[in-house]
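As stored in final_10.tsv (TSV, C-alpha atoms):
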chain	number	residue	atom	x	y	z
B	23	MET	CA	36.93	9.46	-26.65
B	24	PRO	CA	39.03	8.04	-29.48
B	25	ALA	CA	38.29	11.03	-31.76
B	26	SER	CA	40.04	13.61	-29.56
B	27	THR	CA	43.03	11.41	-28.77
B	28	LYS	CA	43.61	10.16	-32.33
B	29	ASP	CA	46.14	12.87	-33.25
B	30	GLN	CA	48.26	12.28	-30.16
B	31	PRO	CA	51.18	9.89	-30.50
B	32	ASP	CA	50.96	6.46	-29.00
B	33	GLY	CA	52.33	6.43	-25.49
B	34	PRO	CA	51.67	5.67	-21.85
B	35	ASP	CA	49.34	8.69	-21.56
B	36	ARG	CA	47.20	7.46	-24.40
B	37	ARG	CA	47.07	3.98	-22.94
B	38	ARG	CA	46.08	5.33	-19.54
B	39	LEU	CA	43.37	7.48	-21.10
B	40	ASP	CA	41.96	4.51	-23.02
B	41	ASP	CA	42.02	2.43	-19.88
B	42	LEU	CA	40.23	5.15	-17.93
B	43	SER	CA	37.53	5.55	-20.56
B	44	ARG	CA	37.08	1.79	-20.69
B	45	ARG	CA	36.63	1.66	-16.93
B	46	LEU	CA	34.29	4.63	-17.03
B	47	ASP	CA	32.17	2.92	-19.68
B	48	ALA	CA	32.05	-0.25	-17.63
B	49	ALA	CA	31.03	1.60	-14.49
B	50	ARG	CA	28.41	3.58	-16.37
B	51	GLY	CA	26.98	0.40	-17.91
B	52	GLU	CA	26.82	-1.25	-14.50
B	53	ARG	CA	24.95	1.66	-13.04
B	54	GLU	CA	22.50	1.74	-15.92
B	55	THR	CA	21.70	-1.95	-15.63
B	56	ASP	CA	21.21	-1.48	-11.88
B	57	ALA	CA	18.83	1.39	-12.51
B	58	GLU	CA	17.04	-0.65	-15.18
B	59	LYS	CA	16.68	-3.56	-12.78
B	60	ALA	CA	15.24	-1.30	-10.09
B	61	ALA	CA	12.86	0.22	-12.64
B	62	THR	CA	11.58	-3.20	-13.72
B	63	ALA	CA	11.10	-4.29	-10.11
B	64	SER	CA	9.15	-1.18	-9.20
B	65	ALA	CA	7.14	-1.40	-12.44
B	66	ARG	CA	6.23	-4.94	-11.49
B	67	GLY	CA	5.14	-3.81	-8.03
B	68	ARG	CA	3.13	-0.99	-9.57
B	69	SER	CA	1.33	-3.28	-12.00
B	70	LEU	CA	0.64	-5.66	-9.12
B	71	GLY	CA	-0.96	-2.72	-7.31
B	72	ALA	CA	-2.96	-1.80	-10.41
B	73	GLY	CA	-4.21	-5.38	-10.76
B	74	PHE	CA	-5.23	-5.50	-7.12
B	75	ARG	CA	-7.00	-2.21	-7.58
B	76	LEU	CA	-9.09	-3.43	-10.53
B	77	ALA	CA	-9.94	-6.68	-8.76
B	78	SER	CA	-11.04	-4.94	-5.56
B	79	GLU	CA	-13.09	-2.32	-7.46
B	80	LEU	CA	-15.00	-5.03	-9.32
B	81	MET	CA	-15.44	-7.23	-6.27
B	82	ALA	CA	-16.58	-4.45	-3.95
B	83	ALA	CA	-19.26	-3.27	-6.38
B	84	VAL	CA	-20.59	-6.81	-6.91
B	85	LEU	CA	-20.69	-7.32	-3.14
B	86	VAL	CA	-22.59	-4.06	-2.63
B	87	GLY	CA	-25.04	-4.99	-5.42
B	88	LEU	CA	-25.49	-8.39	-3.81
B	89	ALA	CA	-26.17	-6.85	-0.40
B	90	LEU	CA	-28.66	-4.33	-1.84
B	91	GLY	CA	-30.40	-7.08	-3.82
B	92	LEU	CA	-30.70	-9.33	-0.80
B	93	GLY	CA	-31.94	-6.35	1.20
B	94	ALA	CA	-34.62	-5.67	-1.42
B	95	ASP	CA	-35.61	-9.35	-1.35
B	96	PHE	CA	-35.96	-9.21	2.39
B	97	ALA	CA	-37.76	-5.86	2.54
B	98	PHE	CA	-40.21	-6.24	-0.35
B	99	ASP	CA	-40.50	-10.03	-0.42
B	100	VAL	CA	-39.62	-10.28	-4.12
B	101	SER	CA	-37.08	-13.10	-3.82
B	102	PRO	CA	-35.17	-13.98	-5.96
B	103	PHE	CA	-35.57	-11.03	-8.33
B	104	GLY	CA	-33.96	-8.50	-6.01
B	105	LEU	CA	-30.86	-10.69	-5.80
B	106	LEU	CA	-30.71	-11.10	-9.59
B	107	ALA	CA	-31.20	-7.40	-10.30
B	108	GLY	CA	-28.72	-6.47	-7.55
B	109	LEU	CA	-26.04	-8.75	-8.94
B	110	PHE	CA	-26.48	-7.35	-12.45
B	111	ILE	CA	-26.39	-3.75	-11.27
B	112	GLY	CA	-23.44	-4.51	-9.01
B	113	PHE	CA	-21.55	-6.07	-11.90
B	114	ALA	CA	-22.32	-3.06	-14.10
B	115	ALA	CA	-21.13	-0.71	-11.36
B	116	GLY	CA	-18.01	-2.81	-10.89
B	117	LEU	CA	-17.16	-2.62	-14.59
B	118	ARG	CA	-17.77	1.12	-14.50
B	119	ASN	CA	-15.43	1.43	-11.50
B	120	ALA	CA	-12.77	-0.73	-13.13
B	121	ALA	CA	-12.99	1.24	-16.38
B	122	ALA	CA	-12.67	4.51	-14.45
B	123	ALA	CA	-9.71	3.13	-12.50
B	124	MET	CA	-7.99	2.07	-15.71
B	125	THR	CA	-8.40	5.45	-17.43
B	126	ALA	CA	-7.36	7.25	-14.23
B	127	GLY	CA	-4.38	4.89	-13.88
B	128	GLN	CA	-3.15	5.76	-17.35
B	129	ASN	CA	-3.05	9.50	-16.71
B	130	ASP	CA	-2.55	9.50	-13.00
B	131	ALA	CA	-0.20	6.73	-11.93
B	132	GLY	CA	2.27	7.54	-14.72
B	133	GLY	CA	2.36	11.20	-13.72
B	134	GLY	CA	2.80	10.28	-10.07
B	135	ALA	CA	5.68	7.95	-10.88
B	136	ASP	CA	7.38	10.64	-12.94
B	137	LYS	CA	6.98	13.12	-10.14
B	138	GLU	CA	8.48	10.69	-7.66
B	139	LYS	CA	11.44	10.07	-9.90
B	140	ARG	CA	12.01	13.77	-10.45
B	141	SER	CA	11.94	14.69	-6.77
B	142	GLY	CA	14.32	11.79	-6.12
B	143	GLU	CA	16.78	13.14	-8.66
B	144	ASP	CA	16.66	16.61	-7.17
B	145	ASP	CA	18.04	15.37	-3.88
B	146	ARG	CA	21.02	13.63	-5.40
Q	150	MET	CA	35.44	-33.01	10.08
Q	151	THR	CA	32.57	-35.47	10.09
Q	152	THR	CA	32.26	-35.33	13.87
Q	153	ALA	CA	32.11	-31.53	13.72
Q	154	LEU	CA	29.42	-31.79	11.10
Q	155	ASN	CA	27.53	-34.30	13.22
Q	156	ILE	CA	27.65	-32.06	16.27
Q	157	LEU	CA	26.57	-29.10	14.16
Q	158	SER	CA	23.70	-31.01	12.62
Q	159	SER	CA	22.57	-32.37	15.97
Q	160	THR	CA	22.53	-28.91	17.56
Q	161	MET	CA	20.82	-27.54	14.47
Q	162	GLY	CA	18.36	-30.40	14.71
Q	163	GLY	CA	17.65	-29.58	18.35
Q	164	LEU	CA	17.16	-25.93	17.49
Q	165	LEU	CA	14.92	-26.85	14.59
Q	166	GLU	CA	12.92	-29.21	16.75
Q	167	ARG	CA	12.32	-26.43	19.22
Q	168	LEU	CA	11.44	-24.05	16.37
Q	169	LEU	CA	9.05	-26.59	14.93
Q	170	ARG	CA	7.38	-27.13	18.27
Q	171	HIS	CA	7.04	-23.50	19.32
Q	172	GLN	CA	7.31	-21.18	16.38
Q	173	LEU	CA	5.91	-23.05	13.44
Q	174	ALA	CA	2.28	-22.28	14.05
Q	175	GLY	CA	0.00	-21.99	11.05
Q	176	PRO	CA	0.33	-19.04	8.71
Q	177	MET	CA	-2.91	-17.55	10.07
Q	178	GLU	CA	-1.79	-17.48	13.69
Q	179	GLN	CA	-0.09	-14.11	13.18
Q	180	PHE	CA	-3.50	-12.49	12.67
Q	181	GLU	CA	-5.00	-13.65	15.96
Q	182	ILE	CA	-6.21	-11.00	18.38
Q	183	HIS	CA	-5.13	-11.30	22.00
Q	184	ARG	CA	-6.72	-9.27	24.78
Q	185	TYR	CA	-4.13	-7.55	26.99
Q	186	VAL	CA	-6.50	-5.49	29.13
Q	187	PRO	CA	-10.08	-6.76	29.01
Q	188	LEU	CA	-12.50	-3.83	28.97
Q	189	SER	CA	-16.14	-3.57	28.04
Q	190	LEU	CA	-18.47	-0.69	27.32
Q	191	GLY	CA	-21.92	-2.05	27.99
Q	192	ALA	CA	-22.23	-4.99	25.64
Q	193	ILE	CA	-19.37	-3.81	23.44
Q	194	ASP	CA	-15.96	-5.36	23.88
Q	195	VAL	CA	-13.40	-2.52	23.89
Q	196	SER	CA	-10.47	-4.50	25.30
Q	197	PHE	CA	-6.95	-3.25	24.77
Q	198	THR	CA	-5.60	-5.88	22.38
Q	199	ASN	CA	-2.37	-6.55	20.51
Q	200	SER	CA	-4.01	-4.75	17.58
Q	201	SER	CA	-4.61	-1.69	19.78
Q	202	LEU	CA	-1.04	-1.87	21.02
Q	203	TRP	CA	0.41	-1.75	17.49
Q	204	MET	CA	-1.93	1.10	16.57
Q	205	VAL	CA	-0.58	3.02	19.55
Q	206	VAL	CA	2.98	2.15	18.50
Q	207	ALA	CA	2.35	3.44	14.96
Q	208	THR	CA	0.76	6.66	16.20
Q	209	GLY	CA	3.46	7.14	18.83
Q	210	LEU	CA	6.27	6.60	16.34
Q	211	ALA	CA	4.72	9.07	13.90
Q	212	ALA	CA	4.29	11.68	16.63
Q	213	LEU	CA	7.80	11.08	18.00
Q	214	PHE	CA	9.34	11.35	14.54
Q	215	PHE	CA	7.59	14.57	13.55
Q	216	PHE	CA	8.10	16.21	16.95
Q	217	SER	CA	11.82	15.52	16.90
Q	218	ALA	CA	12.12	16.38	13.20
Q	219	THR	CA	10.45	19.77	13.58
Q	220	ARG	CA	11.99	20.66	16.93
Q	221	SER	CA	14.87	22.75	15.62
Q	222	ARG	CA	12.94	24.26	12.68
Q	223	ALA	CA	16.18	25.29	11.00
Q	224	LEU	CA	16.28	27.28	7.77
Q	225	ILE	CA	18.78	24.76	6.46
Q	226	PRO	CA	17.22	21.46	7.49
Q	227	GLY	CA	19.11	18.61	9.11
Q	228	ARG	CA	18.60	15.00	8.15
Q	229	LEU	CA	15.40	14.37	10.12
Q	230	GLN	CA	13.90	17.69	9.12
Q	231	SER	CA	14.67	16.95	5.46
Q	232	VAL	CA	12.77	13.67	5.64
Q	233	ALA	CA	9.84	15.41	7.31
Q	234	GLU	CA	9.84	18.17	4.67
Q	235	LEU	CA	10.05	15.64	1.82
Q	236	THR	CA	7.09	13.74	3.27
Q	237	TYR	CA	5.16	16.98	3.59
Q	238	ASP	CA	5.92	17.93	-0.02
Q	239	PHE	CA	5.03	14.48	-1.28
Q	240	VAL	CA	1.58	14.49	0.33
Q	241	ALA	CA	0.97	18.19	-0.39
Q	242	ASP	CA	1.71	17.60	-4.09
Q	243	MET	CA	-0.65	14.64	-4.05
Q	244	VAL	CA	-3.46	16.71	-2.50
Q	245	ARG	CA	-2.90	19.73	-4.77
Q	246	GLY	CA	-2.68	17.52	-7.84
Q	247	ALA	CA	-5.90	15.66	-7.12
Q	248	ILE	CA	-8.10	18.40	-5.60
Q	249	GLY	CA	-6.37	21.70	-6.27
Q	250	GLN	CA	-5.40	24.48	-3.86
Q	251	GLU	CA	-8.85	24.37	-2.25
Q	252	GLY	CA	-8.16	20.81	-1.19
Q	253	MET	CA	-5.35	21.86	1.15
Q	254	LYS	CA	-7.90	22.16	3.97
Q	255	PHE	CA	-7.97	18.36	3.85
Q	256	PHE	CA	-4.20	18.10	3.94
Q	257	PRO	CA	-3.97	17.29	7.68
Q	258	PHE	CA	-6.43	14.44	7.27
Q	259	VAL	CA	-4.77	12.93	4.18
Q	260	PHE	CA	-1.31	13.33	5.71
Q	261	THR	CA	-2.37	11.61	8.93
Q	262	LEU	CA	-4.02	8.81	6.98
Q	263	PHE	CA	-0.97	8.28	4.76
Q	264	ILE	CA	1.56	8.28	7.59
Q	265	TYR	CA	-0.56	6.06	9.83
Q	266	ILE	CA	-1.18	3.42	7.14
Q	267	LEU	CA	2.45	3.54	5.97
Q	268	LEU	CA	3.77	3.06	9.51
Q	269	ALA	CA	1.25	0.33	10.33
Q	270	ASN	CA	2.19	-1.54	7.15
Q	271	LEU	CA	5.93	-1.16	7.75
Q	272	LEU	CA	5.70	-2.09	11.44
Q	273	GLY	CA	3.97	-5.30	10.40
Q	274	LEU	CA	7.11	-6.23	8.47
Q	275	THR	CA	9.45	-5.83	11.43
Q	276	PRO	CA	10.46	-9.20	12.90
Q	277	SER	CA	9.11	-10.29	16.28
Q	278	ILE	CA	11.61	-10.56	19.10
Q	279	PRO	CA	10.96	-13.99	20.65
Q	280	GLY	CA	9.63	-13.72	24.18
Q	281	LEU	CA	9.50	-9.93	24.04
Q	282	THR	CA	7.37	-8.60	21.22
Q	283	HIS	CA	4.97	-10.19	18.83
Q	284	THR	CA	4.58	-8.19	15.63
Q	285	PHE	CA	1.05	-7.59	14.52
Q	286	THR	CA	-0.13	-5.88	11.33
Q	287	THR	CA	-3.16	-3.80	12.22
Q	288	THR	CA	-3.92	-3.09	8.55
Q	289	SER	CA	-4.32	-6.82	7.88
Q	290	HIS	CA	-7.70	-6.72	9.61
Q	291	ILE	CA	-10.70	-5.53	7.62
Q	292	ALA	CA	-12.22	-4.01	10.76
Q	293	VAL	CA	-9.36	-1.50	10.83
Q	294	THR	CA	-9.20	-0.79	7.10
Q	295	PHE	CA	-12.98	-0.55	6.79
Q	296	GLY	CA	-13.02	1.86	9.71
Q	297	LEU	CA	-10.45	4.07	7.97
Q	298	ALA	CA	-12.35	3.84	4.66
Q	299	MET	CA	-15.64	4.78	6.34
Q	300	LEU	CA	-13.92	7.76	7.95
Q	301	SER	CA	-12.78	8.96	4.51
Q	302	ILE	CA	-16.16	8.44	2.86
Q	303	SER	CA	-18.01	10.05	5.80
Q	304	ILE	CA	-15.89	13.17	5.38
Q	305	VAL	CA	-16.63	13.14	1.63
Q	306	ILE	CA	-20.39	12.85	2.20
Q	307	VAL	CA	-20.61	15.37	5.04
Q	308	TYR	CA	-18.43	17.95	3.29
Q	309	GLY	CA	-20.16	17.33	-0.05
Q	310	PHE	CA	-23.61	18.11	1.39
Q	311	TYR	CA	-22.23	20.97	3.52
Q	312	LYS	CA	-20.64	22.70	0.54
Q	313	ASN	CA	-23.03	21.87	-2.31
Q	314	GLY	CA	-26.30	21.16	-0.51
Q	315	LEU	CA	-28.48	18.85	-2.56
Q	316	GLY	CA	-26.34	19.73	-5.60
Q	317	PHE	CA	-23.96	17.06	-4.32
Q	318	LEU	CA	-26.45	14.49	-5.68
Q	319	LYS	CA	-25.44	15.61	-9.20
Q	320	LEU	CA	-22.55	13.24	-8.60
Q	321	PHE	CA	-24.90	10.41	-9.53
Q	322	VAL	CA	-26.04	12.04	-12.78
Q	323	PRO	CA	-23.30	12.03	-15.38
Q	324	SER	CA	-23.76	14.60	-18.15
Q	325	GLY	CA	-24.76	13.58	-21.68
Q	326	VAL	CA	-26.83	10.51	-20.81
Q	327	PRO	CA	-30.08	9.99	-22.77
Q	328	PRO	CA	-33.13	10.44	-20.48
Q	329	TRP	CA	-34.49	6.93	-20.95
Q	330	LEU	CA	-31.21	5.46	-19.66
Q	331	LEU	CA	-30.98	7.84	-16.72
Q	332	PRO	CA	-32.72	5.72	-14.02
Q	333	LEU	CA	-30.45	2.76	-14.69
Q	334	ILE	CA	-27.31	4.91	-14.83
Q	335	VAL	CA	-28.20	6.66	-11.57
Q	336	LEU	CA	-28.70	3.28	-9.92
Q	337	ILE	CA	-25.36	2.03	-11.21
Q	338	GLU	CA	-23.60	5.23	-10.11
Q	339	PHE	CA	-25.20	4.90	-6.69
Q	340	VAL	CA	-23.99	1.32	-6.26
Q	341	SER	CA	-20.60	2.38	-7.56
Q	342	PHE	CA	-20.45	5.13	-4.91
Q	343	LEU	CA	-21.47	2.72	-2.17
Q	344	SER	CA	-18.74	0.31	-3.23
Q	345	ARG	CA	-15.99	2.87	-2.73
Q	346	PRO	CA	-15.39	2.38	0.99
Q	347	LEU	CA	-15.58	-1.38	0.55
Q	348	SER	CA	-13.04	-1.42	-2.26
Q	349	LEU	CA	-10.70	0.87	-0.30
Q	350	ALA	CA	-10.97	-1.44	2.71
Q	351	ILE	CA	-10.68	-4.72	0.80
Q	352	ARG	CA	-7.65	-3.59	-1.20
Q	353	LEU	CA	-5.50	-2.60	1.76
Q	354	PHE	CA	-6.58	-5.55	3.91
Q	355	ALA	CA	-6.18	-8.14	1.12
Q	356	ASN	CA	-2.73	-6.87	0.16
Q	357	MET	CA	-1.47	-7.03	3.72
Q	358	LEU	CA	-3.11	-10.37	4.50
Q	359	ALA	CA	-1.89	-12.07	1.31
Q	360	GLY	CA	1.65	-10.74	1.64
Q	361	HIS	CA	2.00	-11.88	5.24
Q	362	ILE	CA	0.55	-15.32	4.56
Q	363	ILE	CA	2.95	-15.85	1.63
Q	364	LEU	CA	5.90	-14.70	3.76
Q	365	LYS	CA	4.95	-17.07	6.57
Q	366	VAL	CA	4.39	-20.03	4.26
Q	367	PHE	CA	7.73	-19.52	2.48
Q	368	ALA	CA	9.55	-19.09	5.78
Q	369	GLY	CA	7.84	-22.25	7.00
Q	370	PHE	CA	9.25	-24.14	4.01
Q	371	ILE	CA	12.78	-23.22	5.12
Q	372	ILE	CA	12.27	-24.72	8.56
Q	373	SER	CA	10.59	-27.87	7.24
Q	374	LEU	CA	13.27	-28.48	4.60
Q	375	LEU	CA	16.12	-27.85	7.04
Q	376	GLY	CA	14.37	-30.15	9.47
Q	377	ALA	CA	14.40	-32.91	6.87
Q	378	GLY	CA	18.20	-32.48	6.73
Q	379	GLY	CA	20.74	-33.82	4.22
Q	380	VAL	CA	20.38	-33.03	0.53
Q	381	VAL	CA	16.78	-31.99	1.02
Q	382	GLY	CA	17.97	-29.43	3.54
Q	383	ALA	CA	20.16	-27.80	0.90
Q	384	ILE	CA	17.03	-27.04	-1.15
Q	385	ALA	CA	16.03	-24.69	1.69
Q	386	ILE	CA	18.14	-22.03	-0.03
Q	387	PHE	CA	15.36	-21.51	-2.60
Q	388	PRO	CA	12.53	-20.65	-0.21
Q	389	PHE	CA	15.08	-18.53	1.66
Q	390	LEU	CA	15.84	-16.51	-1.48
Q	391	GLY	CA	12.11	-16.36	-2.16
Q	392	THR	CA	11.47	-15.00	1.32
Q	393	VAL	CA	14.10	-12.30	0.84
Q	394	ALA	CA	12.57	-11.31	-2.51
Q	395	ILE	CA	9.03	-11.27	-1.12
Q	396	THR	CA	10.16	-9.19	1.85
Q	397	MET	CA	11.49	-6.56	-0.57
Q	398	LEU	CA	8.28	-6.72	-2.60
Q	399	GLU	CA	6.28	-6.32	0.62
Q	400	LEU	CA	8.25	-3.18	1.51
Q	401	LEU	CA	7.19	-1.75	-1.85
Q	402	VAL	CA	3.59	-2.91	-1.36
Q	403	ALA	CA	3.50	-1.36	2.11
Q	404	PHE	CA	4.36	2.03	0.64
Q	405	LEU	CA	2.25	1.60	-2.49
Q	406	GLN	CA	-0.91	0.68	-0.60
Q	407	ALA	CA	-0.55	3.64	1.78
Q	408	TYR	CA	-0.11	5.85	-1.30
Q	409	VAL	CA	-3.10	4.30	-3.11
Q	410	PHE	CA	-5.34	4.72	-0.05
Q	411	ALA	CA	-4.32	8.36	0.30
Q	412	ILE	CA	-4.61	9.24	-3.40
Q	413	LEU	CA	-8.03	7.56	-3.72
Q	414	THR	CA	-9.20	9.49	-0.65
Q	415	CYS	CA	-8.05	12.65	-2.45
Q	416	ILE	CA	-9.90	11.65	-5.63
Q	417	TYR	CA	-13.11	10.99	-3.68
Q	418	LEU	CA	-12.70	14.28	-1.78
Q	419	ASN	CA	-12.35	15.97	-5.16
Q	420	ASP	CA	-15.88	14.78	-6.00
Q	421	ALA	CA	-17.14	16.59	-2.91
Q	422	VAL	CA	-15.13	19.77	-3.52
Q	423	ASN	CA	-15.71	20.11	-7.29
Q	424	VAL	CA	-19.08	18.52	-8.10
Q	425	GLY	CA	-19.64	18.14	-11.86
Q	426	HIS	CA	-16.12	19.23	-12.80
Q	427	HIS	CA	-14.92	15.91	-14.00
Would it be possible to restate this file's structure as structure tokens?
Amino acid sequence: MPASTKDQPDGPDRRRLDDLSRRLDAARGERETDAEKAATASARGRSLGAGFRLASELMAAVLVGLALGLGADFAFDVSPFGLLAGLFIGFAAGLRNAAAAMTAGQNDAGGGADKEKRSGEDDR
Amino acid sequence: MTTALNILSSTMGGLLERLLRHQLAGPMEQFEIHRYVPLSLGAIDVSFTNSSLWMVVATGLAALFFFSATRSRALIPGRLQSVAELTYDFVADMVRGAIGQEGMKFFPFVFTLFIYILLANLLGLTPSIPGLTHTFTTTSHIAVTFGLAMLSISIVIVYGFYKNGLGFLKLFVPSGVPPWLLPLIVLIEFVSFLSRPLSLAIRLFANMLAGHIILKVFAGFIISLLGAGGVVGAIAIFPFLGTVAITMLELLVAFLQAYVFAILTCIYLNDAVNVGHH
């Protein structure tokens, strides 16, 4: 706070005040970088989770389509058209799932993260 | 100085040799199932295994924690009670946010699911005590995660038909689709619905499996490099730092995957509670 101490004469008090504010600034900066670091780490973990989510949504739907297609092949003896149709439908369903997960992630995960942060701050 | 170093390195070498012989099994060995009490129900093998044991440990720990946390039921909570109340609020907010007030009838289920998966994930990260315990991650087996996912989806289906009757099938008919596209869309929506339990199961299982394999492989590097000794041994610091970093990441993943499983269960339950409100 140089503005408020400008009119005071130079002296040991002034020097001590400057020193204190310098140390305060340093401590504050340290804490902010720590918080930033933690935020980046948790953001990385969250995006890892989001990536895993998209991958598993897509994969699960393709697998289900594959299973249904093979089942149709087996039941109605239409091999290989059941498999082909099943894979296509499974892929379409997977993309639909992934798209839904992405839109939900944009509204939902962000809100959840904010809520977490807020409740964390309340305790401190 | 050199003699001390020699003695140190020779004892370290002996220790490492023993570690290499006994501990350094492949990274997949940690997922092996061992029968403790062989049991069978007709043709079905229902033995009490190490997987069962760690499930019991997770359930027991959860019960122990919440019993002791809620024992005093003070107006001004102590430490344990605070943690229990925070957990309650966290899950209750999740359920209310995803389903609404009506969804609170599912709170006990979602809470149990969240706590169980969280504890199972975290217990899998605790180190084994040689000769005493052998840590096992139950959620790293798709049989377990698929069972949990099927439980969630079964509740969604049963409650959906119970509450909405055949109106629950409107879930497969999104609004505003031209009639000529409808058959294809219904088929795609149906496959998408069927894929839900599978994607729930695969996600949790794959996260746990991959994390534990990476941890084991990195930790194995440390032993191998130290075993090589000399300058090469000094490089072991890098996989060590990597292991520490991955362990921290795994702690985050353990929580995140429990959260994702619970919140997705809520979202699917929401389909059953509010059909056509999305």
Show me, as a PyMOL selection string, the residues of chain B whose atoms get within 9 Å of chain Q, using all atoms listed in the file for the distance check. chain B and resi 63-64+67-68+70-71+74-75+77-87+90+111-116+118-119+134+138+141
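Interatomic distance, CA of Gly316 in chain Q against CA of Asn419 in chain Q: 14.5 Å.
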Find the residues near Ile363 in chain Q: any atom within 12 Å, counting all atoms listed in the file, skip ones fewer than 2 places away on the same chain, and give them as a PyMOL selection string. chain Q and resi 175-177+355-361+365-370+388+391-396+398-399
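Reported to one decimal place, the separation of CA of Ala212 in chain Q from CA of Ala233 in chain Q is 11.5 Å.
A straight line drawn from CA of Tyr265 in chain Q to CA of Val424 in chain Q is 28.6 Å long.
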Range 406-417 of chain Q rebuilt with N, CA and C atoms, output as a short mmCIF file (atom, residue, chain, number, x, y, z; two decimals), in the frame of the given file:
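Below is the file result_8.cif, written as the result:
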data_model
loop_
_atom_site.label_atom_id
_atom_site.label_comp_id
_atom_site.auth_asym_id
_atom_site.auth_seq_id
_atom_site.Cartn_x
_atom_site.Cartn_y
_atom_site.Cartn_z
N GLN Q 406 0.48 0.74 -1.05
CA GLN Q 406 -0.91 0.68 -0.60
C GLN Q 406 -1.27 1.90 0.24
N ALA Q 407 -0.30 2.39 1.04
CA ALA Q 407 -0.55 3.64 1.78
C ALA Q 407 -0.79 4.78 0.79
N TYR Q 408 0.02 4.81 -0.28
CA TYR Q 408 -0.11 5.85 -1.30
C TYR Q 408 -1.45 5.75 -2.00
N VAL Q 409 -1.84 4.51 -2.38
CA VAL Q 409 -3.10 4.30 -3.11
C VAL Q 409 -4.28 4.72 -2.23
N PHE Q 410 -4.24 4.34 -0.95
CA PHE Q 410 -5.34 4.72 -0.05
C PHE Q 410 -5.45 6.24 0.03
N ALA Q 411 -4.30 6.90 0.16
CA ALA Q 411 -4.32 8.36 0.30
C ALA Q 411 -4.78 9.03 -0.98
N ILE Q 412 -4.26 8.57 -2.14
CA ILE Q 412 -4.61 9.24 -3.40
C ILE Q 412 -6.07 9.00 -3.75
N LEU Q 413 -6.61 7.81 -3.44
CA LEU Q 413 -8.03 7.56 -3.72
C LEU Q 413 -8.90 8.41 -2.80
N THR Q 414 -8.47 8.58 -1.54
CA THR Q 414 -9.20 9.49 -0.65
C THR Q 414 -9.24 10.89 -1.25
N CYS Q 415 -8.10 11.33 -1.80
CA CYS Q 415 -8.05 12.65 -2.45
C CYS Q 415 -9.02 12.71 -3.62
N ILE Q 416 -9.04 11.65 -4.44
CA ILE Q 416 -9.90 11.65 -5.63
C ILE Q 416 -11.37 11.70 -5.21
N TYR Q 417 -11.73 10.97 -4.15
CA TYR Q 417 -13.11 10.99 -3.68
C TYR Q 417 -13.45 12.35 -3.07
#
